[in-house]
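Asks: Below is the file input01.csv, with CSV, C-alpha atoms.
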chain,number,residue,atom,x,y,z
A,9,SER,CA,9.6,-60.8,-25.5
A,10,THR,CA,10.9,-64.3,-25.1
A,11,ILE,CA,8.6,-65.2,-22.2
A,12,TYR,CA,5.6,-67.2,-23.3
A,13,GLU,CA,2.6,-68.6,-21.4
A,14,LEU,CA,1.2,-71.8,-22.6
A,15,ARG,CA,-2.4,-71.8,-21.3
A,16,PRO,CA,-5.4,-74.1,-21.6
A,17,GLU,CA,-7.0,-71.4,-23.7
A,18,ASN,CA,-4.2,-71.6,-26.4
A,19,ASP,CA,-3.3,-75.3,-26.0
A,20,SER,CA,-5.8,-78.0,-25.2
A,21,ARG,CA,-3.0,-80.3,-24.1
A,22,VAL,CA,-2.3,-78.4,-20.9
A,23,LYS,CA,-4.3,-78.1,-17.7
A,24,TYR,CA,-2.1,-75.5,-16.0
A,25,ILE,CA,-0.4,-72.3,-17.2
A,26,MET,CA,3.2,-73.0,-18.2
A,27,GLU,CA,5.4,-69.9,-18.3
A,28,PHE,CA,8.9,-70.3,-20.0
A,29,ASP,CA,11.5,-68.5,-22.0
A,30,LYS,CA,11.1,-69.7,-25.6
A,31,ARG,CA,14.8,-69.6,-26.2
A,32,TYR,CA,15.4,-72.5,-23.9
A,33,PHE,CA,13.0,-74.8,-25.7
A,34,GLY,CA,13.8,-74.4,-29.4
A,35,TRP,CA,11.0,-71.9,-30.2
A,36,ASP,CA,11.6,-70.4,-33.6
A,37,GLY,CA,8.1,-69.2,-34.5
A,38,GLU,CA,7.4,-72.0,-37.0
A,39,ASN,CA,8.7,-75.3,-35.8
A,40,ASN,CA,7.8,-75.1,-32.1
A,41,ASP,CA,8.5,-78.4,-30.4
A,42,LEU,CA,6.8,-78.3,-27.0
A,43,SER,CA,7.7,-81.9,-26.0
A,44,GLU,CA,9.8,-80.7,-23.1
A,45,ILE,CA,7.2,-78.3,-21.8
A,46,TYR,CA,4.6,-81.1,-22.0
A,47,LEU,CA,6.9,-83.4,-20.1
A,48,ILE,CA,7.3,-80.9,-17.3
A,49,HIS,CA,3.5,-80.2,-17.4
A,50,ASP,CA,2.7,-83.9,-17.2
A,51,TYR,CA,5.1,-84.3,-14.2
A,52,ILE,CA,3.4,-81.4,-12.3
A,53,VAL,CA,-0.1,-82.9,-13.0
A,54,ALA,CA,1.1,-86.3,-11.8
A,55,VAL,CA,2.7,-84.8,-8.7
A,56,ASN,CA,-0.5,-82.9,-7.9
A,57,GLU,CA,-2.5,-86.1,-8.3
A,58,ASN,CA,0.1,-88.4,-6.7
A,59,ASP,CA,-0.1,-90.5,-9.8
A,60,HIS,CA,2.9,-92.9,-9.4
A,61,GLU,CA,2.5,-94.7,-12.8
A,62,THR,CA,2.6,-91.4,-14.8
A,63,ILE,CA,5.6,-90.2,-12.9
A,64,LYS,CA,7.4,-93.5,-13.4
A,65,ASN,CA,6.7,-93.4,-17.1
A,66,LEU,CA,8.2,-89.9,-17.5
A,67,TYR,CA,11.6,-91.1,-16.4
A,68,TYR,CA,13.9,-93.2,-18.5
A,69,PRO,CA,12.9,-96.8,-18.2
A,70,GLY,CA,14.3,-98.3,-15.0
A,71,TYR,CA,16.1,-95.1,-13.9
A,72,LEU,CA,13.7,-94.0,-11.1
A,73,GLU,CA,13.5,-97.5,-9.7
A,74,GLN,CA,17.3,-97.8,-9.7
A,75,LEU,CA,17.7,-94.3,-8.2
A,76,CYS,CA,15.3,-95.1,-5.4
A,77,LYS,CA,17.0,-98.5,-4.7
A,78,ASN,CA,20.4,-96.8,-4.5
A,79,GLY,CA,18.9,-94.2,-2.2
A,80,GLY,CA,17.7,-96.7,0.3
A,81,TYR,CA,14.0,-96.9,-0.6
A,82,SER,CA,12.3,-100.3,-1.0
A,83,SER,CA,10.6,-99.1,-4.2
A,84,ALA,CA,9.8,-96.1,-6.3
A,85,ASP,CA,6.3,-96.1,-4.8
A,86,GLU,CA,7.7,-95.7,-1.3
A,87,TYR,CA,9.8,-92.7,-2.5
A,88,LEU,CA,6.9,-91.1,-4.4
A,89,ASP,CA,4.6,-91.5,-1.3
A,90,GLY,CA,7.2,-89.9,0.8
A,91,MET,CA,7.6,-87.0,-1.6
A,92,ASN,CA,3.8,-86.5,-1.7
A,93,ASN,CA,3.6,-86.6,2.1
A,94,THR,CA,6.4,-84.0,2.3
A,95,LEU,CA,4.6,-81.7,-0.1
A,96,LYS,CA,1.3,-82.1,1.8
A,97,GLN,CA,3.0,-81.2,5.1
A,98,THR,CA,4.8,-78.2,3.4
A,99,LEU,CA,2.1,-76.9,1.1
A,100,GLY,CA,-1.2,-78.2,2.6
A,101,GLU,CA,-3.2,-81.4,2.4
A,102,ASP,CA,-5.1,-80.1,-0.7
A,103,PHE,CA,-2.3,-78.4,-2.6
A,104,GLU,CA,-2.3,-78.0,-6.3
A,105,ILE,CA,0.5,-76.4,-8.3
A,106,ASP,CA,-1.4,-74.5,-10.8
A,107,TYR,CA,0.9,-72.0,-12.4
A,108,VAL,CA,4.3,-73.2,-13.5
A,109,ASN,CA,7.2,-70.8,-14.0
A,110,ILE,CA,10.3,-72.3,-15.5
A,111,SER,CA,12.6,-69.8,-14.0
A,112,ASN,CA,15.9,-71.2,-15.2
A,113,CYS,CA,17.3,-73.6,-17.7
A,114,LEU,CA,20.9,-74.8,-17.7
A,115,THR,CA,22.5,-76.7,-20.6
A,116,GLU,CA,26.2,-76.2,-19.9
A,117,GLY,CA,28.7,-74.9,-17.4
A,118,GLU,CA,29.8,-76.0,-14.0
A,119,GLU,CA,26.5,-75.7,-12.3
A,120,ALA,CA,24.7,-77.8,-14.9
A,121,GLU,CA,27.5,-80.4,-14.9
A,122,LYS,CA,26.9,-81.1,-11.2
A,123,PHE,CA,23.4,-82.2,-12.1
A,124,PHE,CA,24.4,-84.1,-15.2
A,125,GLN,CA,27.3,-86.0,-13.6
A,126,TYR,CA,25.0,-87.6,-11.0
A,127,ALA,CA,22.4,-88.5,-13.6
A,128,ASP,CA,25.0,-89.8,-16.1
A,129,ALA,CA,26.6,-92.0,-13.4
A,130,GLU,CA,23.3,-93.5,-12.4
A,131,LEU,CA,22.4,-94.0,-16.1
A,132,ALA,CA,25.8,-95.7,-16.8
A,133,LEU,CA,25.0,-98.2,-14.0
A,134,LEU,CA,21.7,-98.9,-15.6
A,135,ASP,CA,22.8,-99.0,-19.3
A,136,SER,CA,26.1,-97.4,-20.3
A,137,SER,CA,25.3,-97.7,-24.0
A,138,VAL,CA,22.6,-95.1,-23.6
A,139,LEU,CA,25.1,-92.4,-22.8
A,140,GLY,CA,26.2,-92.2,-26.4
A,141,LYS,CA,22.6,-91.8,-27.5
A,142,ILE,CA,21.9,-88.6,-25.6
A,143,THR,CA,21.4,-85.6,-27.9
A,144,SER,CA,20.2,-83.0,-25.4
A,145,LYS,CA,20.6,-82.3,-21.7
A,146,LYS,CA,18.9,-79.6,-19.7
A,147,VAL,CA,18.4,-78.8,-16.0
A,148,ILE,CA,15.2,-76.8,-15.5
A,149,GLU,CA,14.2,-75.0,-12.4
A,150,ILE,CA,10.5,-74.6,-11.5
A,151,GLY,CA,10.5,-71.7,-9.2
A,152,GLY,CA,10.2,-67.9,-9.6
A,153,TYR,CA,6.5,-67.2,-9.9
A,154,THR,CA,5.3,-70.7,-9.7
A,155,CYS,CA,2.1,-70.8,-7.7
A,156,PHE,CA,0.0,-73.3,-5.8
A,157,SER,CA,-3.5,-73.2,-4.3
A,158,ALA,CA,-4.5,-74.7,-1.0
A,159,GLY,CA,-8.0,-74.3,0.1
A,160,ASP,CA,-9.3,-71.0,-1.2
A,161,ASN,CA,-5.9,-69.3,-1.3
A,162,ASP,CA,-3.0,-69.0,-3.8
A,163,TYR,CA,0.6,-68.9,-2.7
A,164,LEU,CA,4.1,-68.5,-4.3
A,165,LEU,CA,5.9,-71.9,-4.1
A,166,LYS,CA,9.2,-70.2,-3.4
A,167,ASN,CA,7.8,-68.9,-0.1
A,168,TYR,CA,7.3,-72.5,1.2
A,169,THR,CA,9.9,-74.7,-0.4
A,170,THR,CA,13.0,-74.7,-2.6
A,171,PRO,CA,12.6,-74.7,-6.4
A,172,ILE,CA,12.0,-78.0,-8.1
A,173,ASN,CA,14.9,-79.0,-10.3
A,174,LEU,CA,14.4,-81.5,-13.1
A,175,ARG,CA,16.9,-82.9,-15.6
A,176,ILE,CA,15.6,-83.5,-19.1
A,177,TYR,CA,17.5,-85.7,-21.5
A,178,GLN,CA,16.7,-86.4,-25.1
A,179,ILE,CA,17.5,-90.0,-26.0
A,180,ASP,CA,16.7,-91.5,-29.4
A,181,GLY,CA,14.4,-88.5,-30.1
A,182,LYS,CA,12.3,-88.9,-26.9
A,183,TYR,CA,12.5,-86.8,-23.8
A,184,TYR,CA,12.8,-88.3,-20.3
A,185,LEU,CA,13.2,-87.0,-16.8
A,186,PHE,CA,16.4,-87.9,-14.9
Could I get this structure in the form of structure tokens?
Replies:
Amino acid sequence: STIYELRPENDSRVKYIMEFDKRYFGWDGENNDLSEIYLIHDYIVAVNENDHETIKNLYYPGYLEQLCKNGGYSSADEYLDGMNNTLKQTLGEDFEIDYVNISNCLTEGEEAEKFFQYADAELALLDSSVLGKITSKKVIEIGGYTCFSAGDNDYLLKNYTTPINLRIYQIDGKYYLF
């Protein structure tokens, strides 16, 4: 099977179960680099906790701030508060995404290019020299069997909202959200 669950019981670095297809993330049985999985995990933890500083640090430096400014927000904090309020209204005041299913990963093709074109254009405005330093691009979808708890109940995320799509770029050996 190529599906793997990274759990707190088998990796002390994670708080939540992360389910993913090993083929998307360079899993070869010996040299398993989980950097992208940890990046996604840290993003989910930060979203759950509404931790603005952690979220900002997961993005390429300056990218989130520029994106928010171009989107009409006065700051990244205003955008992140709005995102958190939307999630609270949709999922419940005390929501916690606690089972993450990476249901899709795109690296090429027309659908992936739509996501990459936008991020690349914004990145070019920030620092066009970085475009030549990108060694990996992925669009991942958090959906499928992703679950969240609210109160004493557990729910499937897809029954309440659209999947979460994140772009992950590797630049100079480090992974960032875009």
Asks: If you take all atoms listed in the file and a cut-off of 10 Å, which residues of stretch 42-62 of chain A touch stretch 137-161 of chain A, and what are their nearest atom pairs and distances in Å to one decimal, in chain and number order, as JSON lines?
Replies:
{"residue": "A:Glu44", "atom": "CA", "partner": "A:Lys146", "partner_atom": "CA", "distance": 9.8}
{"residue": "A:Ile48", "atom": "CA", "partner": "A:Ile148", "partner_atom": "CA", "distance": 9.1}
{"residue": "A:Ile52", "atom": "CA", "partner": "A:Ile150", "partner_atom": "CA", "distance": 9.9}
{"residue": "A:Asn56", "atom": "CA", "partner": "A:Phe156", "partner_atom": "CA", "distance": 9.8}
Asks: Which polymer residues have any atom within 12 Å of an atom of A:Gly34, counting all atoms listed in the file, with same-chain residues fewer than 3 positions away left out, as a list in words?
Replies: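 Within the cut-off, the hits are Thr10, Phe28, Asp29, Lys30, Arg31, Gly37, Glu38, Asn39, Asn40, Asp41, Leu42, Ser43, Glu44, Ile45 and Ser144 of chain A.
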Asks: Between A:Val55, A:Ile63, A:Met26, A:Cys76, which one has atoms that come closest to A:Asn93, using only C-alpha atoms?
Replies: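 Of all the options, A:Val55 lies closest to A:Asn93.
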Asks: In Å, how far is it from atom CA of A:Asp180 to atom CA of A:Leu134?
Replies: 16.4 Å
Asks: Rank A:Asn58, A:Thr98, A:Gln74, A:Thr169 by their smallest atom-to-atom distance to A:Glu130, using all atoms listed in the file, and report the top residue only.
Replies: A:Gln74
Asks: Of the residues A:Tyr68, A:Asp50, A:Asp85, A:Glu57, which is the one nearest to A:Arg21, using all atoms listed in the file?
Replies: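 With all atoms listed in the file as the atom set, the closest residue is A:Asp50.
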